[in-house]
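The structure appears right after this line, and notes come after that.
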Amino acid sequence: MIRNIPEPILNLLYEIGEVAGKNAYLVGGFVRDLLLKQPSLDIDIVVEGDAIRVAKAMCDRWNGTLEVHPQFGTATVTHGNIDLPKVDFVTARRETYQGAGTLPIVQSGKITDDLRRRDFSINALAMRLDPNAFGTIVDKTGGLADLEAGIIRVLHKQSFIDDPTRIFRASRYAGRYGFRIAETDVVLIQETLPILPQLSGERIRNEIDRVLLEKNAAKIVEHLAELGVWETIFTDWHISATFADDFKKAEQAITWASAHLEDEAFQPDRVRWMTLFGTHTPIYQIEAISFRLVLEHQLQRLISRTQAMKRGVSLEEVTVPVFEKLGFPLSKNTSIKQHNGMWCIVDPDNMKTYVCGDGNLYRVQTPLTAYKQLEQTVTTLKETVKPSEIYQLLKPYPIEALVLGSVDARVPEWKREKIADYLFTLRKTQPFITGDDLIALGEKPGKTFETVLWELFAAQLDGKTATKSEAFRHLRGFKDHAPAK
Ligand code: CTP
């Protein structure tokens with residue numbers, strides 16, 4: 001087995017063993033993946049005793065840098081040679097859980113305690129690092145047999161209740177390695193489902209993020225659906241029937257975008273999330289879900305407690321004036337719905353969504369809302385549409401929505417080419433003539449000024465002007481034809 005460890009990493013492990021002797025163990029995902037002959041870069045070392053002391057000694061030896069978290073008894077060492085991976089050192093610990101979904105109480109312990117607190121037998125394997133027994137596997141929970149048989153199994157009946165994120169993890173490992181979850185564990189998962197919603201939105205979001213990054217994400221998402229996970233997190237939420245196809249499309253879009261766009265603003269995880277919610281769920285519901293799962297911890301708080309949210313006052317009555325006051329006028333097509341105790345205000349004309357709950361009001365602008373609207377915009381396109389018109393139509397959309405539109409097979413090819421033209425060329429075009437140029441010519445900023453500036457830019461986008469001097473000539477022609485004041 002040791003032969004499967006890349007030599008530079010093997011040397012690191014030998015050195016740790018020389019310094020820490022029989023107190024240090026390689027643990028977790030690295031050992032599991034080593035036995036499965038899969039590559040792994042996360043090096044986690046458990047130390048019986050003082051992990052920080054060992055980390056400091058290794059840091060000196062490797063001329064590295066040290067990051068210490070004394071409250072957790074952990075430290076990370078970055079090797080002086082930056083080509084080598086970081087190494088995490090953790091003090092062996094015992095964990096006790098006080099309640100479902102809460103974080104555990106931690107005490108220092110022996111390696112056996114540390115392995116027994118873990119999620120699955122395949123993750124509870126350790127490898128000894130002391131020179132006398134280097135490479136010996138410590139298996140206290142039948143992990144080797146489960147790896148051999150391809151089974152995901154928790155270490156005790158309470159495990160999913162202690163930490164319901166393990167439901168996602170079980171499905172993720174099963175999907176990743178083609179393993180199955182032990183039948184007894186499937187029963188335990190069913191029993192744990194009712195407490196799944198007690199997890200914070202952030203913890204659920206982290207787990208879903210990790211699922212969506214897996215190569216077999218579509219399979220894992222469907223497996224979680226079979227287990228009843230999605231409908232439990234949010235009442236009545238079913239994963240889109242077209243999820244597998246949509247996800248494939250999203251991955252194509254992401255590959256396409258990373259090959260073609262150097263746009264830092266492009267966020268692949270947003271595209272994946274959009275797929276997860278599907279395109280058939282009513283918008284308000286999608287937004288409410290994304291509020292809870294995606295945005296709960298990120299949204300800018302606009303007002304902490306408004307008069308409007310006081311009990312007994314209907315939101316409709318107060319929404320418009322409150323929003324006007326905040327500087328967010330609502331269009332007449334705005335719909336207001338209540339979902340799972342939260343109000344969701346979707347203003348499709350302005351591509352904005354507002355969510356209210358717990359007395360707080362949040363503004364959300366998701367690419368999904370935008371993509372829905374982009375689909376409508378695209379249906380109105382005519383083949384004769386000018387580049388300047390495309391520019392105006394597509395400018396308001398976030399990049400993720402445009403990327404998805406440009407690879408959506410339901411959109412006719414010539415329309416997708418128009419979107420791609422906007423993404424690659426029009427969007428990046430710099431105007432020949434700017435506001436400063438007009439001011440230098442004695443023009444005063446105002447409505448006419450804006451119109452002239454746009455007309456000049458439109459002429460440029462439409463290929464009527466190819467250089468700055470041509471643009472100035474165009475401007476003169478423009479002025480000659482302007483009505484006399
Ligand atoms: N762990 C656990 N319970 C959790 C999360 C983690 O017991 N809810 C333990 C497992 O032993 C796991 C280790 O902590 O192996 C490290 O966790 P993590 O980095 O999330 O998992 P990896 O095993 O490294 O798996 P992956 O390859 O998905 O990163």
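Going through the structure tokens in order, the chains are called A, B, and so on, while each chain numbers its residues from 1 and the ligands are numbered from 1 in the order shown.
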Residues within 8 Å of Thr96 (chain A), only C-alpha atoms, excluding chain neighbours under 5 positions, as a tab-separated table (two decimals) with C-alpha atoms, in the first residue's frame:
chain	number	residue	atom	x	y	z
A	104	PRO	CA	-20.15	18.52	19.55
A	105	ILE	CA	-18.38	19.04	22.88
A	106	VAL	CA	-14.74	18.11	22.41
As a quick test: using only C-alpha atoms and all ligand atoms, which residues lie no more than 10 Å away from ligand 1? Give them as an NGL selection string.
:A and (27-33 or 39-44 or 103 or 114-126 or 154-155 or 159-160 or 162-170 or 172-173 or 176 or 207 or 210-211 or 213-214)
Set the distance at 8 Å and use only C-alpha atoms: which residues neighbour Arg180 (chain A) once local chain neighbours fewer than 3 positions away are removed? I'd like the list as an mmCIF file with C-alpha atoms, in the first residue's frame.
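Saved file result23.cif follows:
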data_model
loop_
_atom_site.group_PDB
_atom_site.id
_atom_site.type_symbol
_atom_site.label_atom_id
_atom_site.label_comp_id
_atom_site.auth_asym_id
_atom_site.auth_seq_id
_atom_site.Cartn_x
_atom_site.Cartn_y
_atom_site.Cartn_z
ATOM 1 C CA GLY A 150 -18.141 -1.282 -1.029
ATOM 2 C CA ILE A 151 -20.368 -0.386 1.921
ATOM 3 C CA ILE A 152 -20.994 2.923 3.658
ATOM 4 C CA ALA A 174 -21.788 6.091 -2.324
#
Set the distance at 10 Å and use only C-alpha atoms: which residues neighbour Pro70 (chain A) once local chain neighbours fewer than 3 positions away are removed? I'd like the list as a ChimeraX atom specification.
/A:51-52,67,73-75
Val87 (chain A) proximity check over A:Val19, A:Ile9, A:Pro131, A:Lys140, using only C-alpha atoms: winner is A:Ile9
Strand (DSSP E or B) positions in region 56-303 of chain A, given as a VMD selection string
chain A and resid 65 to 69 74 to 78 87 to 91 93 to 96 105 to 108 120 125 to 128 137 to 139 151 to 152 154 180 to 181 301 to 303
If you keep N, CA and C atoms, can you produce a file of those selected residues as a JSON list (two decimals), in the first residue's frame?
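Result written to part_20.json:
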[["chain", "number", "residue", "atom", "x", "y", "z"],
["A", 65, "THR", "N", 5.46, 27.62, 7.08],
["A", 65, "THR", "CA", 4.70, 28.59, 7.86],
["A", 65, "THR", "C", 3.62, 27.84, 8.64],
["A", 66, "LEU", "N", 3.25, 28.44, 9.76],
["A", 66, "LEU", "CA", 2.37, 27.73, 10.69],
["A", 66, "LEU", "C", 1.12, 28.55, 10.97],
["A", 67, "GLU", "N", 0.00, 27.86, 10.96],
["A", 67, "GLU", "CA", -1.27, 28.52, 11.34],
["A", 67, "GLU", "C", -1.84, 27.70, 12.50],
["A", 68, "VAL", "N", -1.98, 28.34, 13.66],
["A", 68, "VAL", "CA", -2.40, 27.57, 14.84],
["A", 68, "VAL", "C", -3.81, 27.98, 15.28],
["A", 69, "HIS", "N", -4.62, 27.00, 15.65],
["A", 69, "HIS", "CA", -5.94, 27.28, 16.23],
["A", 69, "HIS", "C", -5.97, 26.67, 17.62],
["A", 74, "THR", "N", -5.52, 22.45, 16.98],
["A", 74, "THR", "CA", -5.14, 22.07, 15.62],
["A", 74, "THR", "C", -4.16, 23.08, 15.04],
["A", 75, "ALA", "N", -3.42, 22.65, 14.02],
["A", 75, "ALA", "CA", -2.49, 23.56, 13.35],
["A", 75, "ALA", "C", -2.29, 23.07, 11.91],
["A", 76, "THR", "N", -2.02, 24.01, 11.02],
["A", 76, "THR", "CA", -1.74, 23.65, 9.63],
["A", 76, "THR", "C", -0.33, 24.12, 9.29],
["A", 77, "VAL", "N", 0.44, 23.22, 8.68],
["A", 77, "VAL", "CA", 1.79, 23.61, 8.27],
["A", 77, "VAL", "C", 1.87, 23.65, 6.75],
["A", 78, "THR", "N", 2.33, 24.79, 6.25],
["A", 78, "THR", "CA", 2.59, 24.90, 4.82],
["A", 78, "THR", "C", 4.10, 24.74, 4.63],
["A", 87, "VAL", "N", -0.18, 20.30, 5.49],
["A", 87, "VAL", "CA", -0.47, 19.17, 6.38],
["A", 87, "VAL", "C", -1.25, 19.71, 7.60],
["A", 88, "ASP", "N", -2.39, 19.08, 7.88],
["A", 88, "ASP", "CA", -3.18, 19.47, 9.06],
["A", 88, "ASP", "C", -2.86, 18.55, 10.22],
["A", 89, "PHE", "N", -2.58, 19.14, 11.37],
["A", 89, "PHE", "CA", -2.32, 18.37, 12.59],
["A", 89, "PHE", "C", -3.46, 18.60, 13.56],
["A", 90, "VAL", "N", -4.03, 17.52, 14.06],
["A", 90, "VAL", "CA", -5.18, 17.61, 14.96],
["A", 90, "VAL", "C", -4.91, 16.78, 16.21],
["A", 91, "THR", "N", -5.22, 17.34, 17.37],
["A", 91, "THR", "CA", -5.07, 16.56, 18.60],
["A", 91, "THR", "C", -6.18, 15.52, 18.67],
["A", 93, "ARG", "N", -9.16, 13.41, 19.63],
["A", 93, "ARG", "CA", -10.24, 13.90, 20.51],
["A", 93, "ARG", "C", -11.42, 12.96, 20.63],
["A", 94, "ARG", "N", -12.13, 13.24, 21.70],
["A", 94, "ARG", "CA", -13.39, 12.53, 21.95],
["A", 94, "ARG", "C", -14.49, 13.53, 21.80],
["A", 95, "GLU", "N", -15.60, 13.12, 21.18],
["A", 95, "GLU", "CA", -16.68, 14.09, 20.99],
["A", 95, "GLU", "C", -17.96, 13.59, 21.62],
["A", 96, "THR", "N", -18.68, 14.51, 22.27],
["A", 96, "THR", "CA", -20.03, 14.15, 22.74],
["A", 96, "THR", "C", -21.01, 15.18, 22.21],
["A", 105, "ILE", "N", -19.31, 18.62, 21.83],
["A", 105, "ILE", "CA", -18.38, 19.04, 22.88],
["A", 105, "ILE", "C", -17.12, 18.17, 22.72],
["A", 106, "VAL", "N", -15.97, 18.81, 22.76],
["A", 106, "VAL", "CA", -14.74, 18.11, 22.41],
["A", 106, "VAL", "C", -13.80, 18.01, 23.61],
["A", 107, "GLN", "N", -13.21, 16.80, 23.82],
["A", 107, "GLN", "CA", -12.18, 16.61, 24.85],
["A", 107, "GLN", "C", -11.03, 15.85, 24.20],
["A", 108, "SER", "N", -9.80, 15.99, 24.75],
["A", 108, "SER", "CA", -8.71, 15.25, 24.12],
["A", 108, "SER", "C", -8.85, 13.76, 24.46],
["A", 120, "PHE", "N", -18.09, 7.36, 9.08],
["A", 120, "PHE", "CA", -18.30, 6.02, 8.51],
["A", 120, "PHE", "C", -17.06, 5.15, 8.73],
["A", 125, "LEU", "N", -10.30, 4.88, 9.42],
["A", 125, "LEU", "CA", -9.07, 4.10, 9.35],
["A", 125, "LEU", "C", -7.88, 5.02, 9.58],
["A", 126, "ALA", "N", -6.85, 4.50, 10.28],
["A", 126, "ALA", "CA", -5.66, 5.31, 10.49],
["A", 126, "ALA", "C", -4.44, 4.51, 10.05],
["A", 127, "MET", "N", -3.37, 5.23, 9.69],
["A", 127, "MET", "CA", -2.12, 4.55, 9.33],
["A", 127, "MET", "C", -1.03, 5.02, 10.28],
["A", 128, "ARG", "N", -0.32, 4.06, 10.88],
["A", 128, "ARG", "CA", 0.73, 4.43, 11.84],
["A", 128, "ARG", "C", 1.93, 5.05, 11.13],
["A", 137, "ILE", "N", -2.08, -0.41, 9.32],
["A", 137, "ILE", "CA", -3.41, 0.20, 9.38],
["A", 137, "ILE", "C", -4.08, -0.10, 10.73],
["A", 138, "VAL", "N", -4.64, 0.93, 11.33],
["A", 138, "VAL", "CA", -5.42, 0.75, 12.56],
["A", 138, "VAL", "C", -6.89, 0.74, 12.14],
["A", 139, "ASP", "N", -7.55, -0.39, 12.37],
["A", 139, "ASP", "CA", -8.95, -0.52, 11.94],
["A", 139, "ASP", "C", -9.76, -1.05, 13.12],
["A", 151, "ILE", "N", -19.21, -0.73, 1.07],
["A", 151, "ILE", "CA", -20.37, -0.39, 1.92],
["A", 151, "ILE", "C", -20.09, 0.86, 2.75],
["A", 152, "ILE", "N", -21.07, 1.75, 2.79],
["A", 152, "ILE", "CA", -20.99, 2.92, 3.66],
["A", 152, "ILE", "C", -21.77, 2.57, 4.92],
["A", 154, "VAL", "N", -22.30, 3.62, 9.22],
["A", 154, "VAL", "CA", -21.96, 4.46, 10.37],
["A", 154, "VAL", "C", -21.43, 3.59, 11.51],
["A", 180, "ARG", "N", -22.59, 1.18, -1.81],
["A", 180, "ARG", "CA", -23.99, 1.27, -1.37],
["A", 180, "ARG", "C", -24.04, 1.55, 0.14],
["A", 181, "ILE", "N", -25.14, 2.19, 0.54],
["A", 181, "ILE", "CA", -25.30, 2.48, 1.96],
["A", 181, "ILE", "C", -25.88, 1.22, 2.62],
["A", 301, "ARG", "N", -28.49, 43.14, 4.72],
["A", 301, "ARG", "CA", -29.70, 43.43, 5.47],
["A", 301, "ARG", "C", -30.14, 44.85, 5.19],
["A", 302, "LEU", "N", -31.30, 44.98, 4.63],
["A", 302, "LEU", "CA", -31.74, 46.33, 4.28],
["A", 302, "LEU", "C", -32.39, 47.03, 5.47],
["A", 303, "ILE", "N", -33.32, 46.36, 6.09],
["A", 303, "ILE", "CA", -33.90, 46.91, 7.31],
["A", 303, "ILE", "C", -34.07, 45.79, 8.31]]
Could you name the residues that touch Pro8 (chain A) at 8 Å or less, counting only C-alpha atoms, but leaving out those on the same chain fewer than 3 positions away, as a ChimeraX atom specification?
/A:11-12,84
Would you please work out which residue, of A:Ala133, A:Val271, A:Ala244, A:Leu193, is nearest to Asp209 (chain A) when using only C-alpha atoms?
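Nearest candidate to Asp209 (chain A) out of A:Ala133, A:Val271, A:Ala244, A:Leu193: A:Val271.
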Sorted by chain and rising residue number, which residues of region 152-263 of chain A lie within 12 Å of region 415-423 of chain A, and what are their closest atom pairs and distances in Å to one decimal, counting only C-alpha atoms, as JSON lines?
{"residue": "A:Ala253", "atom": "CA", "partner": "A:Ala420", "partner_atom": "CA", "distance": 11.7}
{"residue": "A:Trp256", "atom": "CA", "partner": "A:Ala420", "partner_atom": "CA", "distance": 10.9}
{"residue": "A:Ala257", "atom": "CA", "partner": "A:Leu423", "partner_atom": "CA", "distance": 9.9}
{"residue": "A:His260", "atom": "CA", "partner": "A:Leu423", "partner_atom": "CA", "distance": 9.5}
{"residue": "A:Leu261", "atom": "CA", "partner": "A:Leu423", "partner_atom": "CA", "distance": 8.2}
{"residue": "A:Glu262", "atom": "CA", "partner": "A:Leu423", "partner_atom": "CA", "distance": 10.8}
{"residue": "A:Asp263", "atom": "CA", "partner": "A:Leu423", "partner_atom": "CA", "distance": 9.9}
Write out as a PyMOL selection string which residues come within 10 Å of Pro268 (chain A) when counting only C-alpha atoms, dropping same-chain ones fewer than 3 positions away.
chain A and resi 213+250-251+253-255+257-258+265+271-273+400+403
Go through A:Lys86, A:Ala217, A:Thr192, A:Gln267 one by one, measure the shortest atom-to-atom distance of each to Ile233 (chain A) using only C-alpha atoms, and give the residue with the smallest value.
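Smallest separation from Ile233 (chain A) among the options: A:Thr192.
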Go ahead and compute the interatomic distance for CA of Ala24 (chain A) and CA of Glu48 (chain A), in Å to one decimal.
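Separation of CA of Ala24 (chain A) and CA of Glu48 (chain A): 6.6 Å.
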Pairwise distance for CA of Ile111 (chain A) and CA of Asp185 (chain A), rounded to one decimal in Å
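Taking CA of Ile111 (chain A) as the start and CA of Asp185 (chain A) as the end point, the length is 24.7 Å.
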